[in-house]
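Enquirer: File follows, entry_14.txt with compact mmCIF, C-alpha atoms and all ligand atoms:
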# COMPACT_ATOMS: atom_id res chain seq x y z
CA MET A 1 137.90 126.07 93.39
CA VAL A 2 136.54 127.84 90.30
CA LYS A 3 132.99 128.90 90.99
CA ARG A 4 130.77 129.85 88.10
CA TRP A 5 128.88 133.12 88.69
CA TRP A 6 127.05 133.11 85.37
CA THR A 7 124.39 130.82 83.90
CA PRO A 8 125.51 128.00 81.59
CA SER A 9 124.25 128.78 78.09
CA SER A 10 122.48 125.42 77.89
CA LYS A 11 120.23 126.52 80.75
CA SER A 12 119.22 129.76 79.07
CA PRO A 13 117.75 129.02 75.66
CA ALA A 14 118.04 132.05 73.39
CA ARG A 15 114.95 133.68 72.01
CA LEU A 16 116.21 134.18 68.50
CA GLY A 17 116.15 137.41 66.60
CA GLU A 18 114.42 139.90 68.85
CA TRP A 19 117.11 142.42 68.03
CA PHE A 20 118.78 142.96 64.70
CA GLU A 21 121.97 144.32 63.29
CA LEU A 22 121.50 146.43 60.18
CA SER A 23 124.33 146.92 57.76
CA ASP A 24 124.70 147.96 54.17
CA GLU A 25 125.44 145.00 51.94
CA GLY A 26 125.73 147.01 48.78
CA PRO A 27 128.82 147.04 46.57
CA LEU A 28 131.67 149.21 47.78
CA ASN A 29 131.45 151.74 44.99
CA ASN A 30 130.74 155.42 45.29
CA ILE A 31 132.43 155.45 48.68
CA LEU A 32 132.38 158.90 50.24
CA VAL A 33 135.56 160.37 51.66
CA ALA A 34 135.47 162.80 54.55
CA SER A 35 137.45 165.97 54.00
CA GLY A 36 138.98 168.06 56.74
CA VAL A 37 140.82 165.07 58.14
CA LEU A 38 144.24 166.00 59.43
CA GLY A 39 145.90 162.60 59.39
CA PRO A 40 146.83 160.67 56.28
CA LEU A 41 143.97 158.63 54.89
CA ASP A 42 144.45 154.95 54.59
CA PRO A 43 144.31 154.36 50.83
CA ILE A 44 142.43 151.08 51.24
CA GLY A 45 140.09 152.81 53.59
CA LEU A 46 139.79 150.00 56.06
CA SER A 47 141.11 151.92 59.02
CA PRO A 48 139.81 155.45 58.84
CA THR A 49 141.71 157.78 61.06
CA LEU A 50 140.15 159.75 63.85
CA LEU A 51 142.68 162.56 63.63
CA SER A 52 139.98 164.98 62.68
CA GLU A 53 139.87 168.45 64.22
CA ASP A 54 136.31 167.77 65.29
CA ILE A 55 137.22 164.57 67.02
CA GLU A 56 139.83 166.24 69.19
CA ALA A 57 136.92 167.85 70.98
CA PHE A 58 135.36 164.46 71.74
CA THR A 59 136.04 163.33 75.26
CA GLY A 60 138.25 160.36 75.85
CA ALA A 61 139.16 160.01 72.18
CA CYS A 62 141.88 157.46 71.56
CA ILE A 63 143.60 157.60 68.19
CA ALA A 64 145.24 154.22 68.80
CA CYS A 65 142.04 152.15 68.99
CA GLU A 66 139.80 154.76 67.34
CA ARG A 67 137.31 154.80 70.17
CA TRP A 68 135.98 157.65 72.18
CA ASP A 69 133.31 158.36 74.72
CA PRO A 70 130.33 159.55 72.69
CA LYS A 71 128.67 160.84 75.89
CA GLY A 72 130.97 163.84 75.63
CA VAL A 73 129.81 164.92 72.18
CA ALA A 74 128.10 168.27 72.53
CA GLY A 75 126.03 168.35 69.35
CA PRO A 76 125.39 166.89 65.92
CA TYR A 77 128.41 166.28 63.73
CA ASP A 78 128.18 167.79 60.28
CA LEU A 79 130.34 165.81 57.94
CA GLU A 80 132.05 167.37 54.98
CA VAL A 81 132.94 164.99 52.18
CA ASN A 82 135.14 165.34 49.13
CA PRO A 83 133.32 166.10 45.87
CA GLN A 84 134.96 162.94 44.52
CA THR A 85 134.46 159.42 45.80
CA LEU A 86 137.28 157.13 46.85
CA LYS A 87 137.71 156.09 43.22
CA GLY A 88 138.00 159.73 42.13
CA SER A 89 134.67 159.93 40.33
CA PRO A 90 132.00 162.52 41.13
CA ILE A 91 129.43 161.52 43.74
CA ASP A 92 126.69 159.71 41.87
CA ARG A 93 123.25 160.56 43.23
CA ARG A 94 121.70 157.52 41.53
CA VAL A 95 123.97 155.23 43.49
CA LEU A 96 123.23 157.14 46.68
CA ARG A 97 119.59 156.15 46.29
CA TYR A 98 120.56 152.58 47.03
CA LYS A 99 122.91 153.38 49.85
CA THR A 100 121.23 152.72 53.18
CA MET A 101 124.19 153.49 55.39
CA GLU A 102 127.91 153.91 55.21
CA ARG A 103 130.90 155.06 57.16
CA PRO A 104 132.70 157.41 54.82
CA ILE A 105 136.48 157.10 54.90
CA GLY A 106 137.80 159.28 57.69
CA SER A 107 134.39 159.96 59.19
CA PRO A 108 133.94 159.55 62.94
CA ALA A 109 130.21 158.98 62.48
CA LEU A 110 127.84 156.65 60.72
CA VAL A 111 126.09 158.09 57.68
CA ALA A 112 122.60 156.81 56.92
CA LYS A 113 119.67 157.67 54.71
CA ARG A 114 117.26 160.08 56.33
CA SER A 115 114.38 158.00 54.94
CA LEU A 116 115.58 155.03 57.02
CA LEU A 117 115.29 157.09 60.20
CA GLU A 118 111.91 158.42 59.14
CA ALA A 119 110.66 154.89 58.48
CA MET A 120 111.80 153.71 61.92
CA GLY A 121 109.92 156.62 63.53
CA PRO A 122 109.52 156.18 67.29
CA ASP A 123 112.24 153.51 67.36
CA VAL A 124 114.82 156.25 66.80
CA PRO A 125 115.87 157.50 70.23
CA ASP A 126 115.76 161.22 71.06
CA ARG A 127 119.38 161.06 72.22
CA TRP A 128 120.78 160.57 68.71
CA LEU A 129 122.71 163.54 67.37
CA ILE A 130 121.76 163.87 63.73
CA GLY A 131 123.97 165.99 61.51
CA ARG A 132 124.23 166.93 57.87
CA VAL A 133 126.44 165.71 55.07
CA ARG A 134 127.92 168.59 53.11
CA VAL A 135 130.10 168.50 50.04
CA GLN A 136 133.38 170.39 50.12
CA GLY A 137 133.12 173.45 47.90
CA GLY A 138 129.37 173.75 48.31
CA GLY A 139 126.20 171.74 48.37
CA GLU A 140 124.72 169.15 50.66
CA ILE A 141 123.67 165.53 50.21
CA ASP A 142 120.30 165.93 51.83
CA GLU A 143 119.32 162.27 51.41
CA LEU A 144 121.98 161.40 53.98
CA CYS A 145 122.64 162.37 57.57
CA THR A 146 125.27 161.59 60.19
CA ILE A 147 124.37 159.82 63.41
CA ILE A 148 126.22 159.90 66.69
CA ASP A 149 124.69 157.84 69.46
CA PRO A 150 125.84 159.20 72.84
CA GLU A 151 124.77 156.02 74.62
CA PRO A 152 125.32 153.16 72.22
CA LEU A 153 124.06 149.71 73.10
CA TRP A 154 126.92 148.06 71.23
CA ASP A 155 128.96 147.64 74.35
CA ARG A 156 126.18 145.41 75.65
CA LEU A 157 126.67 142.83 72.93
CA ARG A 158 127.92 139.68 74.60
CA THR A 159 129.31 136.36 73.50
CA ALA A 160 127.94 133.17 75.06
CA PHE A 161 130.63 131.23 76.93
CA THR A 162 130.69 127.88 75.19
CA PRO A 163 133.60 125.61 74.25
CA GLY A 164 134.09 127.80 71.17
CA TRP A 165 134.36 131.03 73.14
CA PHE A 166 138.12 131.33 72.88
CA SER A 167 138.11 130.92 69.14
CA VAL A 168 135.84 133.93 68.59
CA VAL A 169 136.64 136.33 71.42
CA ARG A 170 139.88 138.28 71.69
CA TYR A 171 141.43 139.16 75.01
CA GLU A 172 143.23 142.35 74.09
CA VAL A 173 143.72 145.80 75.49
CA CYS A 174 144.59 149.10 73.84
CA GLY A 175 148.07 150.04 75.09
CA GLU A 176 147.28 153.71 74.72
CA CYS A 177 144.02 154.07 76.67
CA GLY A 178 143.43 150.73 78.43
CA ARG A 179 140.12 150.04 76.72
CA PHE A 180 139.22 146.41 76.53
CA THR A 181 139.23 145.57 72.82
CA ARG A 182 136.96 142.58 73.20
CA ARG A 183 135.51 141.61 69.86
CA PRO A 184 132.42 139.48 70.10
CA GLY A 185 132.33 136.81 67.46
CA GLY A 186 129.74 136.32 64.76
CA SER A 187 126.96 133.95 65.55
CA ALA A 188 127.76 133.68 69.24
CA TRP A 189 126.54 137.22 69.91
CA TYR A 190 123.64 137.76 72.22
CA LEU A 191 122.01 140.50 74.23
CA HIS A 192 120.84 140.24 77.81
CA ALA A 193 117.07 140.79 77.96
CA GLN A 194 117.26 142.97 81.06
CA GLU A 195 119.92 145.22 79.55
CA VAL A 196 117.92 146.00 76.41
CA ALA A 197 114.43 146.13 77.87
CA GLY A 198 112.67 149.28 76.65
CA GLU A 199 115.66 150.33 74.52
CA LYS A 200 115.38 151.89 71.09
CA ALA A 201 117.73 151.71 68.12
CA SER A 202 121.45 152.27 68.58
CA ALA A 203 124.13 153.42 66.17
CA LYS A 204 127.79 152.70 65.87
CA LEU A 205 130.33 153.54 63.19
CA ALA A 206 129.18 151.22 60.47
CA SER A 207 125.86 149.72 61.46
CA LEU A 208 122.70 149.97 63.53
CA LEU A 209 121.28 147.79 66.25
CA VAL A 210 117.48 147.82 66.24
CA PRO A 211 114.62 146.12 68.09
CA LEU A 212 112.03 143.98 66.32
CA SER A 213 109.52 146.86 66.38
CA ALA A 214 111.80 148.89 64.07
CA VAL A 215 112.17 145.99 61.65
CA GLU A 216 108.40 145.60 61.47
CA ARG A 217 107.48 149.28 61.37
CA ALA A 218 109.97 150.16 58.62
CA GLU A 219 109.59 146.82 56.79
CA LEU A 220 113.34 146.47 56.91
CA ARG A 221 113.27 142.95 55.52
CA ASP A 222 111.49 144.14 52.39
CA ARG A 223 114.21 143.82 49.76
CA LYS A 224 112.28 146.01 47.33
CA ARG A 225 112.09 148.85 49.79
CA TRP A 226 115.62 148.41 51.20
CA PRO A 227 117.47 146.52 48.44
CA ARG A 228 120.91 146.42 50.01
CA LEU A 229 120.12 146.37 53.68
CA GLY A 230 121.46 143.41 55.64
CA VAL A 231 119.24 142.42 58.59
CA CYS A 232 120.87 139.95 60.94
CA GLY A 233 119.04 138.59 63.98
CA ILE A 234 120.69 138.73 67.39
CA PRO A 235 119.48 136.35 70.07
CA VAL A 236 118.20 137.81 73.32
CA ARG A 237 118.71 135.72 76.45
CA ASP A 238 117.07 135.91 79.84
CA ALA A 239 120.32 135.26 81.68
CA ILE A 240 123.93 136.30 81.37
CA VAL A 241 125.76 133.33 79.87
CA ASP A 242 129.32 134.64 79.87
CA PRO A 243 131.81 135.46 82.60
CA TYR A 244 131.62 139.25 82.25
CA GLY A 245 129.93 141.61 84.65
CA SER A 246 126.91 143.70 83.79
CA PRO A 247 127.09 146.13 82.09
CA MET A 248 129.79 144.78 79.82
CA PRO A 249 133.15 146.27 80.77
CA VAL A 250 134.65 148.89 78.47
CA TRP A 251 137.97 149.31 80.28
CA TRP A 252 140.27 146.45 81.20
CA ASP A 253 140.44 147.76 84.78
CA GLU A 254 136.64 147.37 85.03
CA PHE A 255 136.86 143.82 83.77
CA ASP A 256 139.72 143.01 86.14
CA ALA A 257 137.85 144.50 89.12
CA HIS A 258 134.74 142.44 88.37
CA GLN A 259 136.72 139.23 88.02
CA ARG A 260 138.49 139.88 91.32
CA SER A 261 135.16 140.51 93.02
CA CYS A 262 134.24 137.00 91.82
CA GLY A 263 137.39 135.59 93.37
CA VAL A 264 139.59 135.06 90.31
CA SER A 265 142.67 136.91 89.07
CA PRO A 266 142.67 137.22 85.30
CA PRO A 267 146.12 137.34 83.68
CA PHE A 268 147.38 140.60 82.26
CA PRO A 269 146.60 140.52 78.52
CA LYS A 270 150.17 140.92 77.33
CA ILE A 271 150.38 143.42 74.51
CA PRO A 272 152.55 142.48 71.52
CA ILE A 273 154.74 145.39 70.43
CA GLU A 274 157.45 145.77 67.84
CA PRO A 275 160.91 146.73 69.17
CA ASP A 276 160.84 150.22 67.63
CA GLU A 277 157.15 150.85 68.30
CA PRO A 278 156.23 153.47 70.91
CA VAL A 279 154.71 151.99 74.06
CA GLY A 280 151.24 153.45 74.70
CA SER A 281 150.77 155.59 77.78
CA TRP A 282 148.45 153.13 79.55
CA LEU A 283 150.85 150.28 78.90
CA GLU A 284 153.76 152.39 80.13
CA ALA A 285 152.04 152.86 83.48
CA GLN A 286 151.31 149.12 83.64
CA ILE A 287 154.96 148.30 82.92
CA GLU A 288 156.00 150.57 85.76
CA GLU A 289 153.67 148.70 88.09
CA ARG A 290 154.08 145.10 86.94
CA GLY A 291 157.40 144.99 85.14
CA TYR A 292 158.16 144.85 81.44
CA GLU A 293 157.97 141.09 80.92
CA ALA A 294 154.60 140.81 82.60
CA CYS A 295 153.02 143.37 80.28
CA VAL A 296 154.59 142.96 76.88
CA LEU A 297 154.68 140.08 74.46
CA LEU A 298 158.24 140.38 73.27
CA ASP A 299 157.99 138.01 70.36
CA GLY A 300 154.66 138.74 68.73
CA GLU A 301 155.09 135.70 66.51
CA ASP A 302 155.17 133.23 69.34
CA LEU A 303 151.66 131.85 69.44
CA ALA A 304 152.45 129.66 72.44
CA GLU A 305 153.27 132.73 74.56
CA ARG A 306 149.96 134.26 73.52
CA CYS A 307 148.17 131.02 74.38
CA VAL A 308 149.65 131.08 77.89
CA VAL A 309 147.66 134.24 78.59
CA TYR A 310 144.49 132.64 77.20
CA ALA A 311 145.06 129.41 79.11
CA ARG A 312 145.43 131.35 82.37
CA LEU A 313 142.22 133.25 81.60
CA TRP A 314 140.44 130.03 80.69
CA ALA A 315 141.56 128.51 83.97
CA CYS A 316 139.82 131.37 85.80
CA TRP A 317 136.49 130.18 84.41
CA ASP A 318 136.87 126.47 83.87
CA ALA A 319 137.88 124.11 86.66
CA LYS A 320 138.99 121.44 84.17
CA VAL A 321 141.50 123.78 82.55
CA ALA A 322 142.62 125.02 85.96
CA ARG A 323 143.43 121.43 86.96
CA ARG A 324 145.31 120.79 83.71
CA ILE A 325 147.68 123.72 84.14
CA GLU A 326 147.99 123.60 87.90
CA GLY A 327 151.60 123.92 89.09
CA LEU A 328 152.96 124.93 85.68
CA ASN A 329 154.87 128.19 85.51
CA ASP A 330 154.60 130.30 82.35
CA ALA A 331 157.69 128.79 80.73
CA LYS A 332 156.55 125.20 81.32
CA LEU A 333 153.02 126.03 80.20
CA ALA A 334 154.36 127.59 76.99
CA ASP A 335 156.44 124.45 76.36
CA ALA A 336 153.40 122.24 76.87
CA ILE A 337 151.36 124.39 74.51
CA ARG A 338 154.14 124.30 71.89
CA VAL A 339 153.91 120.51 71.90
CA LYS A 340 150.13 120.66 71.45
CA LEU A 341 150.47 123.24 68.68
CA ARG A 342 152.75 120.90 66.73
CA ASP A 343 150.02 118.29 66.90
CA ARG A 344 147.45 119.92 64.65
CA SER A 345 144.65 117.71 65.86
CA ARG A 346 144.75 119.48 69.23
CA LYS A 347 142.96 122.66 68.28
CA ASP A 348 141.81 123.14 71.86
CA TRP A 349 145.08 124.88 72.67
CA LEU A 350 144.49 127.54 70.09
CA PRO A 351 142.27 129.97 71.93
CA GLY A 352 141.89 133.28 70.19
CA SER A 353 143.93 132.26 67.19
ZN ZN A 401 142.69 153.15 72.83
Here is the file; what I need is its structure written in the form of structure tokens.

Expert:
Amino acid sequence: MVKRWWTPSSKSPARLGEWFELSDEGPLNNILVASGVLGPLDPIGLSPTLLSEDIEAFTGACIACERWDPKGVAGPYDLEVNPQTLKGSPIDRRVLRYKTMERPIGSPALVAKRSLLEAMGPDVPDRWLIGRVRVQGGGEIDELCTIIDPEPLWDRLRTAFTPGWFSVVRYEVCGECGRFTRRPGGSAWYLHAQEVAGEKASAKLASLLVPLSAVERAELRDRKRWPRLGVCGIPVRDAIVDPYGSPMPVWWDEFDAHQRSCGVSPPFPKIPIEPDEPVGSWLEAQIEERGYEACVLLDGEDLAERCVVYARLWACWDAKVARRIEGLNDAKLADAIRVKLRDRSRKDWLPGS
């Protein structure tokens, strides 16, 4: 009944580390804060808002999941930062020397050292929009620049479908825009060789994805030259070893359409909402079409209800799971999962938790 349309990961050995994720591993001091942000800044700074005037012009911007379509960005984004850092002290140029990249609080773009881009040379794609970092009240931090990548490769990061898949990958959707908020998990990431062939570096909000040539050319693993730069290898595989289509879906509708073309009907990823929380516009339309109960997780605390959705998804891709839950309606399946959850040794019923 369930037919696999992808390659089992055991049949496609990964060629380790042909691509790399670069991130700044330096201490979180001297954090820059974007000014000109209309929304309130999160004091911890972990969820910078995208309510910036500049971002409103970005196409497809969603303030709920903080994603937008960078293809619509017309030109470089000049960032203006506060003269004080998050801690309230003046920006320290000595510390900036060691900063390779950063996403300032409230900034919609990655900020990186210009010298990093210069060192990567031809591995920096022409499509990148490179802007300046100014200081409110005058001045510019000319060591740094902003990067917006109109065609980021990040959406092509995949997670190999192995028995651990459900513990690292989330099956969630933004209720406001309908974007698939799939989060690939740590070491299970991989890139499909065909999808990255001939590609150059790619930027997202807090890090860069670069090919081996950039690592070698710029000596990115040289800790003396780049003292706080984290370089993490990402396996590249010849085959697609997960149940997604190619390219990786961005919108849930895309994902759903691909699955249906493969003959399976993925469950609607029920969205947990608080009673007084506004329902996002995408979710509202879904509720109209499918009914409230089918779309919303009424009790966000009930892990078993959440697991029902995952179990149904799992059954789409795994004949063994499909057989186990065959004939069970949602209520009975939730009951069965509740029993398993009480028995802590049965971690296999905890997908996505
Ligand atoms: Zn969204």

Enquirer: Residues up to 12 Å from ligand ZN 401 (chain A), counting all atoms listed in the file: could you list those as a VMD selection string?

Expert: chain A and resid 50 60 to 69 172 to 181 250 to 252 280 to 283

Enquirer: By how many Å are atom CA of Val168 of chain A and atom CA of Glu25 of chain A apart?

Expert: 22.5 Å

Enquirer: Could you make a table, as a Markdown table, of the residues of segment 169-212 of chain A that have an atom within 12 Å of an atom of segment 93-100 of chain A, each with its nearest atom pair and distance in Å to one decimal, counting only C-alpha atoms, in chain and number order?

Expert:
| residue | atom | partner | partner_atom | distance |
| --- | --- | --- | --- | --- |
| A:Ala206 | CA | A:Thr100 | CA | 10.9 |
| A:Ser207 | CA | A:Thr100 | CA | 9.9 |
| A:Leu208 | CA | A:Thr100 | CA | 10.8 |

Enquirer: Name the residues in contact with Arg156 of chain A at a cut-off of 8 Å, using all atoms listed in the file, excluding same-chain residues fewer than 6 positions from it; report them as a VMD selection string.

Expert: chain A and resid 191 to 192 195 247 to 248

Enquirer: One decimal, in Å: what's the spacing between atom CA of Ala334 of chain A and atom CA of Ile271 of chain A?

Expert: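 Here the two named atoms are 16.5 Å from each other.
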
Enquirer: Between A:Ala201, A:Leu220, A:Val339, A:Ala34, which is the closest to Val135 of chain A once you count all atoms listed in the file?

Expert: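 Smallest separation from Val135 of chain A among the options: A:Ala34.
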
Enquirer: Atom CA of Ala322 of chain A and atom CA of Leu341 of chain A are how many Å apart?

Expert: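 Interatomic distance here is 19.1 Å.
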
Enquirer: Pick the closest to Ile148 of chain A from A:Ile325, A:Val124, A:Ala315, A:Ala203: which is it, counting all atoms listed in the file?

Expert: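 Nearest candidate to Ile148 of chain A out of A:Ile325, A:Val124, A:Ala315, A:Ala203: A:Ala203.
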
Enquirer: Would you pick out the contacts of segment 10-15 of chain A at 8 Å or less, using all atoms listed in the file, so that residues sharing its chain but fewer than 4 positions from it are not included, and give the list as a ChimeraX atom specification?

Expert: /A:235-239,241

Enquirer: Neighbours of Arg134 of chain A within 10 Å (only C-alpha atoms; same-chain residues fewer than 6 positions away dropped), as a ChimeraX atom specification?

Expert: /A:34-35,78-83,140-142,144-145

Enquirer: Determine the nearest neighbour of Ala74 of chain A from the options A:Val33, A:Trp128, A:Ile273, A:Leu110, counting only C-alpha atoms.

Expert: A:Trp128

Enquirer: Kindly write C-alpha atoms of segment 92-125 of chain A from the structure just given to a file, as a CSV table (one decimal), in the first residue's frame.

Expert:
chain,number,residue,atom,x,y,z
A,92,ASP,CA,33.3,48.7,20.8
A,93,ARG,CA,35.3,48.6,17.6
A,94,ARG,CA,37.9,46.2,19.2
A,95,VAL,CA,35.2,43.6,19.8
A,96,LEU,CA,33.9,44.2,16.3
A,97,ARG,CA,37.2,43.0,14.9
A,98,TYR,CA,36.4,39.5,16.2
A,99,LYS,CA,32.9,39.5,15.0
A,100,THR,CA,32.5,37.5,11.8
A,101,MET,CA,28.8,37.7,11.5
A,102,GLU,CA,25.7,38.6,13.5
A,103,ARG,CA,22.1,39.3,13.2
A,104,PRO,CA,21.5,42.5,15.1
A,105,ILE,CA,18.4,42.6,17.2
A,106,GLY,CA,15.5,43.7,15.0
A,107,SER,CA,17.5,43.4,11.8
A,108,PRO,CA,15.9,41.6,8.8
A,109,ALA,CA,19.3,40.9,7.4
A,110,LEU,CA,22.5,39.1,8.3
A,111,VAL,CA,25.4,41.3,9.1
A,112,ALA,CA,28.9,40.1,8.3
A,113,LYS,CA,32.4,41.3,8.0
A,114,ARG,CA,33.3,42.7,4.6
A,115,SER,CA,36.7,41.0,4.9
A,116,LEU,CA,34.9,37.6,5.0
A,117,LEU,CA,33.2,38.3,1.7
A,118,GLU,CA,36.4,39.6,0.2
A,119,ALA,CA,38.3,36.4,1.3
A,120,MET,CA,35.6,34.2,-0.2
A,121,GLY,CA,35.9,36.1,-3.5
A,122,PRO,CA,34.3,34.3,-6.5
A,123,ASP,CA,32.3,32.1,-4.1
A,124,VAL,CA,30.1,35.1,-3.2
A,125,PRO,CA,27.3,35.1,-5.7
